[in-house]
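A.B. asks: For reference, the file final-v3.cif (mmCIF, C-alpha atoms) is included below:
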```
data_coords
loop_
_atom_site.label_atom_id
_atom_site.label_comp_id
_atom_site.auth_asym_id
_atom_site.auth_seq_id
_atom_site.Cartn_x
_atom_site.Cartn_y
_atom_site.Cartn_z
CA MET A 1 -39.09 -95.84 75.05
CA LYS A 2 -39.04 -93.60 78.09
CA ARG A 3 -41.65 -90.92 78.48
CA ASN A 4 -39.04 -88.21 79.08
CA GLU A 5 -37.37 -89.14 75.79
CA VAL A 6 -40.60 -88.50 73.95
CA PHE A 7 -41.24 -85.27 75.81
CA GLU A 8 -37.62 -84.24 76.19
CA VAL A 9 -37.34 -80.65 77.40
CA VAL A 10 -35.42 -78.57 74.89
CA GLU A 11 -33.61 -75.44 76.05
CA PRO A 12 -34.58 -72.30 74.17
CA PRO A 13 -31.72 -70.27 72.67
CA PRO A 14 -30.06 -67.92 75.18
CA PHE A 15 -30.79 -64.20 75.67
CA GLY A 16 -34.52 -64.59 75.10
CA LEU A 17 -35.40 -61.86 77.58
CA GLU A 18 -32.84 -59.46 76.10
CA ARG A 19 -34.25 -60.12 72.65
CA LEU A 20 -37.77 -59.49 73.90
CA ARG A 21 -36.69 -56.22 75.55
CA ALA A 22 -35.06 -55.15 72.29
CA ARG A 23 -38.29 -55.85 70.43
CA MET A 24 -40.28 -53.85 72.94
CA ALA A 25 -37.83 -50.94 72.66
CA GLU A 26 -37.98 -51.16 68.87
CA GLN A 27 -41.76 -50.97 69.04
CA ARG A 28 -41.57 -47.86 71.23
CA ARG A 29 -39.36 -46.17 68.64
CA ALA A 30 -41.67 -47.11 65.80
CA PRO A 31 -44.31 -44.36 66.41
CA THR A 32 -41.58 -41.65 66.24
CA ARG A 33 -40.43 -43.09 62.94
CA TRP A 34 -44.00 -42.99 61.59
CA VAL A 35 -44.37 -39.36 62.68
CA LEU A 36 -41.25 -38.51 60.65
CA VAL A 37 -42.49 -40.46 57.64
CA GLY A 38 -45.86 -38.66 57.93
CA ALA A 39 -44.19 -35.25 58.11
CA VAL A 40 -42.09 -35.93 55.01
CA ALA A 41 -45.12 -37.24 53.13
CA THR A 42 -47.14 -34.15 54.09
CA MET A 43 -44.34 -31.86 52.90
CA LEU A 44 -44.22 -33.67 49.57
CA LEU A 45 -47.99 -33.37 49.16
CA VAL A 46 -47.85 -29.65 49.98
CA LEU A 47 -45.09 -29.14 47.41
CA VAL A 48 -46.97 -31.05 44.73
CA PHE A 49 -50.35 -29.43 45.31
CA TRP A 50 -49.22 -25.91 46.33
CA PRO A 51 -51.23 -23.38 44.25
CA ARG A 52 -48.94 -21.72 41.73
CA SER A 53 -49.35 -18.22 40.24
CA PRO A 54 -50.89 -18.41 36.77
CA ALA A 55 -48.41 -18.87 33.97
CA VAL A 56 -47.40 -15.68 32.16
CA ASN A 57 -48.82 -15.60 28.68
CA LEU A 58 -45.89 -14.09 26.82
CA VAL A 59 -47.41 -14.51 23.40
CA GLY A 60 -50.65 -12.79 24.41
CA ALA A 61 -48.80 -10.00 26.19
CA THR A 62 -46.49 -9.39 23.24
CA SER A 63 -49.32 -9.40 20.73
CA SER A 64 -51.30 -6.95 22.87
CA PHE A 65 -48.29 -4.62 22.87
CA LEU A 66 -47.78 -4.99 19.18
CA SER A 67 -51.39 -4.58 18.15
CA GLU A 68 -53.05 -1.27 17.69
CA PRO A 69 -49.91 0.80 17.49
CA THR A 70 -50.23 4.27 18.92
CA ARG A 71 -47.08 5.63 17.31
CA ASP A 72 -45.08 4.98 14.20
CA VAL A 73 -41.72 3.26 14.20
CA THR A 74 -39.15 5.78 15.30
CA SER A 75 -35.39 5.65 15.15
CA LEU A 76 -33.98 6.57 18.55
CA ASP A 77 -30.52 7.10 17.06
CA PRO A 78 -31.11 8.70 13.71
CA SER A 79 -27.39 8.68 12.79
CA THR A 80 -27.07 4.91 12.76
CA GLY A 81 -30.64 3.65 12.96
CA ALA A 82 -29.41 0.92 15.31
CA VAL A 83 -32.19 1.43 17.88
CA LEU A 84 -35.74 1.54 16.61
CA GLU A 85 -38.73 2.22 18.79
CA LEU A 86 -41.52 -0.12 17.79
CA PRO A 87 -45.20 0.66 18.03
CA SER A 88 -46.74 -0.37 21.38
CA SER A 89 -50.40 -0.37 22.33
CA ASN A 90 -49.53 0.26 25.98
CA PRO A 91 -48.31 3.80 26.57
CA ASP A 92 -46.39 2.67 29.66
CA VAL A 93 -44.37 0.19 27.65
CA ILE A 94 -41.72 1.07 25.15
CA LEU A 95 -40.60 -1.60 22.73
CA ALA A 96 -37.23 -1.12 21.15
CA ARG A 97 -35.44 -3.08 18.46
CA VAL A 98 -31.70 -3.01 18.85
CA ALA A 99 -29.52 -3.97 15.89
CA SER A 100 -25.81 -4.53 15.96
CA LEU A 101 -23.98 -2.84 13.15
CA GLU A 102 -21.07 -4.00 11.12
CA PRO A 103 -17.93 -2.03 12.10
CA MET B 1 -54.37 -57.52 92.18
CA ALA B 2 -56.04 -58.55 88.94
CA ASP B 3 -57.03 -54.95 88.28
CA GLU B 4 -53.44 -53.72 88.24
CA GLY B 5 -52.99 -54.88 84.65
CA LEU B 6 -49.99 -56.28 82.87
CA SER B 7 -47.08 -54.06 83.82
CA ARG B 8 -43.71 -54.34 82.15
CA SER B 9 -42.16 -56.07 85.18
CA ARG B 10 -45.02 -58.57 85.36
CA PHE B 11 -44.73 -59.20 81.67
CA GLU B 12 -41.01 -59.86 81.92
CA ALA B 13 -41.59 -62.17 84.89
CA LEU B 14 -44.19 -63.98 82.81
CA PHE B 15 -41.70 -64.38 80.00
CA VAL B 16 -39.07 -65.79 82.35
CA LYS B 17 -41.62 -68.27 83.69
CA LEU B 18 -43.17 -69.34 80.39
CA GLU B 19 -40.44 -68.98 77.79
CA LYS B 20 -39.26 -72.56 78.08
CA PRO B 21 -42.70 -74.23 78.20
CA VAL B 22 -43.96 -72.15 75.26
CA PHE B 23 -40.77 -72.80 73.30
CA ASN B 24 -41.10 -76.56 73.88
CA VAL B 25 -44.70 -76.64 72.68
CA VAL B 26 -43.88 -74.57 69.60
CA TYR B 27 -40.75 -76.62 68.92
CA ARG B 28 -42.92 -79.77 68.54
CA TRP B 29 -44.80 -77.93 65.83
CA LEU B 30 -41.91 -76.54 63.87
CA TRP B 31 -38.90 -78.67 64.86
CA ASN B 32 -36.63 -75.73 64.28
CA THR B 33 -34.91 -73.83 67.09
CA GLU B 34 -34.69 -70.43 65.42
CA GLU B 35 -38.25 -70.45 64.17
CA SER B 36 -39.55 -71.70 67.50
CA ARG B 37 -37.70 -68.91 69.30
CA ASP B 38 -39.17 -66.33 66.89
CA VAL B 39 -42.69 -67.66 67.30
CA THR B 40 -42.32 -67.71 71.08
CA GLN B 41 -41.19 -64.08 71.05
CA GLU B 42 -43.95 -63.12 68.67
CA ALA B 43 -46.57 -64.74 70.89
CA PHE B 44 -45.37 -62.74 73.88
CA MET B 45 -45.30 -59.54 71.84
CA LYS B 46 -48.89 -60.12 70.76
CA VAL B 47 -49.93 -60.41 74.38
CA TRP B 48 -47.89 -57.32 75.28
CA ASN B 49 -49.54 -55.33 72.51
CA ALA B 50 -52.97 -56.39 73.76
CA ARG B 51 -52.07 -55.73 77.42
CA ALA B 52 -54.82 -53.15 77.83
CA ARG B 53 -57.42 -55.85 77.21
CA VAL B 54 -55.61 -58.74 78.92
CA LYS B 55 -56.80 -60.06 82.26
CA LEU B 56 -54.01 -61.25 84.52
CA GLU B 57 -55.86 -64.40 85.50
CA THR B 58 -56.09 -65.55 81.87
CA VAL B 59 -52.77 -64.28 80.58
CA GLU B 60 -50.96 -67.65 80.69
CA PRO B 61 -53.54 -69.53 78.59
CA LEU B 62 -53.52 -66.52 76.26
CA VAL B 63 -49.77 -66.78 75.68
CA PHE B 64 -50.07 -70.47 74.80
CA GLN B 65 -53.11 -69.83 72.61
CA SER B 66 -51.25 -67.14 70.73
CA ALA B 67 -48.15 -69.34 70.34
CA LEU B 68 -50.19 -72.30 69.07
CA ASN B 69 -51.96 -70.14 66.49
CA LEU B 70 -48.71 -68.63 65.28
CA ALA B 71 -46.99 -72.02 65.11
CA ALA B 72 -49.88 -73.58 63.20
CA ASN B 73 -49.89 -70.65 60.75
CA ARG B 74 -46.15 -70.88 60.23
CA LEU B 75 -46.42 -74.60 59.62
CA ARG B 76 -49.09 -74.02 56.99
CA VAL B 77 -46.91 -71.45 55.24
CA ARG B 78 -43.99 -73.85 55.35
CA ARG B 79 -46.09 -76.64 53.81
CA VAL B 80 -47.12 -74.35 50.98
CA ARG B 81 -43.48 -73.34 50.45
CA ARG B 82 -42.43 -76.99 50.42
CA PHE B 83 -45.18 -77.78 47.95
CA PHE B 84 -43.68 -75.19 45.62
CA SER B 85 -40.15 -76.37 46.54
CA LEU B 86 -39.21 -73.03 48.07
CA ASP B 87 -38.15 -74.61 51.31
CA THR B 88 -36.48 -77.81 52.41
CA ALA B 89 -36.83 -79.84 55.58
CA GLU B 90 -34.18 -79.08 58.14
CA HIS B 91 -32.53 -81.53 60.50
CA GLU B 92 -30.84 -80.14 63.53
CA ARG B 93 -28.05 -81.91 65.28
CA ASP B 94 -26.73 -81.20 68.75
CA PRO B 95 -23.09 -80.19 68.19
CA ARG B 96 -22.04 -81.53 71.63
CA GLN B 97 -22.74 -85.18 70.77
CA SER B 98 -20.26 -87.70 69.39
CA ALA B 99 -20.92 -89.38 66.06
CA GLU B 100 -22.34 -92.67 67.45
CA THR B 101 -24.52 -91.16 70.15
CA ALA B 102 -25.56 -88.48 67.72
CA LEU B 103 -26.69 -91.12 65.26
CA GLU B 104 -28.55 -93.05 67.94
CA SER B 105 -30.32 -90.06 69.40
CA GLU B 106 -30.89 -88.72 65.92
CA GLN B 107 -32.77 -91.90 65.04
CA ARG B 108 -34.75 -91.79 68.30
CA ARG B 109 -35.62 -88.15 67.81
CA ALA B 110 -36.65 -88.76 64.24
CA GLN B 111 -38.92 -91.56 65.44
CA VAL B 112 -40.45 -89.29 68.12
CA ARG B 113 -40.82 -86.50 65.64
CA ARG B 114 -42.63 -88.72 63.14
CA ALA B 115 -44.94 -89.98 65.88
CA ILE B 116 -45.79 -86.48 67.12
CA ASP B 117 -46.19 -85.14 63.59
CA ALA B 118 -48.58 -87.98 62.82
CA LEU B 119 -50.95 -86.83 65.57
CA PRO B 120 -53.93 -84.80 64.43
CA GLU B 121 -53.44 -81.13 65.43
CA LYS B 122 -56.27 -81.27 67.99
CA LEU B 123 -54.65 -84.17 69.83
CA LYS B 124 -51.16 -82.77 69.45
CA ALA B 125 -52.13 -79.43 71.00
CA VAL B 126 -53.69 -81.14 74.01
CA VAL B 127 -50.88 -83.59 74.68
CA LEU B 128 -48.14 -80.96 74.29
CA LEU B 129 -49.89 -78.48 76.54
CA CYS B 130 -50.43 -81.23 79.13
CA GLU B 131 -46.77 -82.24 79.01
CA PHE B 132 -45.02 -78.86 78.77
CA SER B 133 -47.24 -75.93 79.71
CA GLY B 134 -47.76 -76.52 83.40
CA LEU B 135 -51.34 -75.32 82.89
CA SER B 136 -54.23 -76.98 84.69
CA THR B 137 -56.85 -78.95 82.75
CA ASN B 138 -59.23 -76.00 83.10
CA GLU B 139 -56.62 -73.60 81.75
CA ILE B 140 -55.87 -75.91 78.82
CA SER B 141 -59.57 -76.14 78.08
CA GLN B 142 -59.66 -72.33 78.14
CA THR B 143 -56.62 -72.11 75.86
CA LEU B 144 -58.10 -74.43 73.27
CA GLY B 145 -61.74 -73.44 73.71
CA ILE B 146 -62.87 -76.97 74.50
CA PRO B 147 -64.60 -78.49 77.57
CA PRO B 148 -62.28 -79.85 80.31
CA GLY B 149 -63.60 -83.37 79.72
CA THR B 150 -62.48 -83.17 76.09
CA VAL B 151 -58.97 -82.27 77.24
CA GLY B 152 -58.81 -85.55 79.16
CA SER B 153 -60.19 -87.66 76.35
CA ARG B 154 -57.96 -86.10 73.71
CA ARG B 155 -54.90 -86.53 75.89
CA HIS B 156 -55.78 -90.20 76.36
CA GLN B 157 -56.28 -90.64 72.61
CA ALA B 158 -52.99 -88.90 71.83
CA MET B 159 -51.04 -91.04 74.29
CA GLN B 160 -52.61 -94.18 72.87
CA GLN B 161 -51.63 -93.17 69.36
CA LEU B 162 -48.06 -92.37 70.46
CA GLU B 163 -47.76 -95.75 72.21
CA THR B 164 -49.02 -97.51 69.11
CA THR B 165 -46.19 -95.89 67.13
CA LEU B 166 -43.39 -95.84 69.70
CA GLY B 167 -44.27 -98.74 71.97
CA PRO B 168 -45.22 -98.49 75.65
CA LEU B 169 -43.91 -95.32 77.28
CA GLU B 170 -42.16 -95.95 80.57
CA ASP B 171 -42.01 -93.28 83.25
CA ALA B 172 -38.41 -92.25 83.97
CA SER B 173 -37.19 -93.74 87.27
#
```
Write out the structure in this file as structure tokens.
C.D. replies:
Amino acid sequence: MKRNEVFEVVEPPPFGLERLRARMAEQRRAPTRWVLVGAVATMLLVLVFWPRSPAVNLVGATSSFLSEPTRDVTSLDPSTGAVLELPSSNPDVILARVASLEP
Amino acid sequence: MADEGLSRSRFEALFVKLEKPVFNVVYRWLWNTEESRDVTQEAFMKVWNARARVKLETVEPLVFQSALNLAANRLRVRRVRRFFSLDTAEHERDPRQSAETALESEQRRAQVRRAIDALPEKLKAVVLLCEFSGLSTNEISQTLGIPPGTVGSRRHQAMQQLETTLGPLEDAS
């Protein structure tokens, strides 16, 4: 067998340099992509861990208004009795019960 | 000159000069055109990414070293895949050849391939670099991290083993 048959020179596929340039360009774009990914990830973290205002305790607030009544129950519309003022422990808050009447 | 570093134009010139030799060395490892092209490109990209630390006077051995490591790794992965039957051996045929010549050269190539594959990796690396790289003995010794004398002895051993398998190798006239 001939030596050049054993060590036959094989041609690489064409456009090797173009392919390499494309890879280099791709690599240059990669940092920009990572900056975007980082920014999105940071935004998500901020949204997840953003300190929220404490939840409103409706039950506690209502019970504090209803406890220790300062006034008796009063009908605001004595003719029908449809609107009743309920006792409230907070003088700045007026609680009213509104009833709908049968025609 | 050596202090100027590996600029983009130098790197591209290096690719133009070494693409074929590197591809031919890698091809004898993988025997697959697409994979050999990918490994060749990858080897150059590794050198490009390390350009800040690369010395111009050693860049050529470095490209071959990188390509050999990548090819050997890919071959190991392929063997594991074959072991688990995830991959099958591929046989490439030159589409330009007629059926008879294709068969003949196919048989010859298969014989060469078996002979080269049968070489231990240490011998194979030396003989392929000697035949295709265009590197000097000192540069090959640098690429493989072995003394220059060992390059000579391994090349001799590899050629002997190839001749045992393929018969005496005649120089092309």
A.B. asks: Quick check: residues of chain B within 6 Å of chain A, all atoms listed in the file, returned as a list in words.
C.D. replies: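 Selected residues: Val112, Leu169, Glu170 and Asp171 of chain B.
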A.B. asks: Just want the 8 Å neighbourhood of Lys122 (chain B), counted on all atoms listed in the file, with same-chain residues fewer than 3 positions away dropped. Output as a VMD selection string.
C.D. replies: chain B and resid 125 to 126 154
A.B. asks: Please, what distance in Å, to one decimal, runs between CA of Phe64 (chain B) and CA of Phe23 (chain B)?
C.D. replies: 9.7 Å
A.B. asks: Within 6 Å of (-40.1, -0.8, 17.8), in the coordinates the file gives, what residues turn up when you count all atoms listed in the file, written out as an mmCIF file with C-alpha atoms, in the frame of the given file?
C.D. replies:
```
data_model
loop_
_atom_site.group_PDB
_atom_site.id
_atom_site.type_symbol
_atom_site.label_atom_id
_atom_site.label_comp_id
_atom_site.auth_asym_id
_atom_site.auth_seq_id
_atom_site.Cartn_x
_atom_site.Cartn_y
_atom_site.Cartn_z
ATOM 1 C CA VAL A 73 -41.720 3.260 14.200
ATOM 2 C CA LEU A 84 -35.740 1.540 16.610
ATOM 3 C CA GLU A 85 -38.730 2.220 18.790
ATOM 4 C CA LEU A 86 -41.520 -0.120 17.790
ATOM 5 C CA PRO A 87 -45.200 0.660 18.030
ATOM 6 C CA LEU A 95 -40.600 -1.600 22.730
ATOM 7 C CA ALA A 96 -37.230 -1.120 21.150
ATOM 8 C CA ARG A 97 -35.440 -3.080 18.460
#
```
A.B. asks: Taking the file as shown, what set of residues would the PyMOL selection byres ((chain B and resi 5-13) around 12) give back, as an MDAnalysis selection string?
C.D. replies: (chainID A and resid 16:21 24:25) or (chainID B and resid 1:4 14:19 41 44:60 63)
A.B. asks: One decimal, in Å: what's the spacing between CA of Leu129 (chain B) and CA of Val25 (chain B)?
C.D. replies: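 So the answer is 6.7 Å.
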A.B. asks: Give me, please, the distance in Å between CA of Lys20 (chain B) and CA of Arg37 (chain B), quoted to one decimal.
C.D. replies: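 Calculated distance between CA of Lys20 (chain B) and CA of Arg37 (chain B) is 9.6 Å.
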A.B. asks: Run the PyMOL selection byres ((chain B and resi 67) around 9) mentally over the shown coordinates, then write out the matched residues as a list in words, using the chain letters and numbers from the document.
C.D. replies: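 Applied to this file, the PyMOL selection byres ((chain B and resi 67) around 9) selects Val22, Phe23, Val25, Val26, Val39, Thr40, Gln41, Glu42, Ala43, Phe44, Leu62, Val63, Phe64, Gln65, Ser66, Leu68, Asn69, Leu70, Ala71 and Ala72 of chain B.
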A.B. asks: What do you get, as a ChimeraX atom specification, if you spell out every residue that the PyMOL selection byres ((chain B and resi 150) around 12) selects here?
C.D. replies: /B:122-123,126-127,137-138,140-142,144-149,151-158
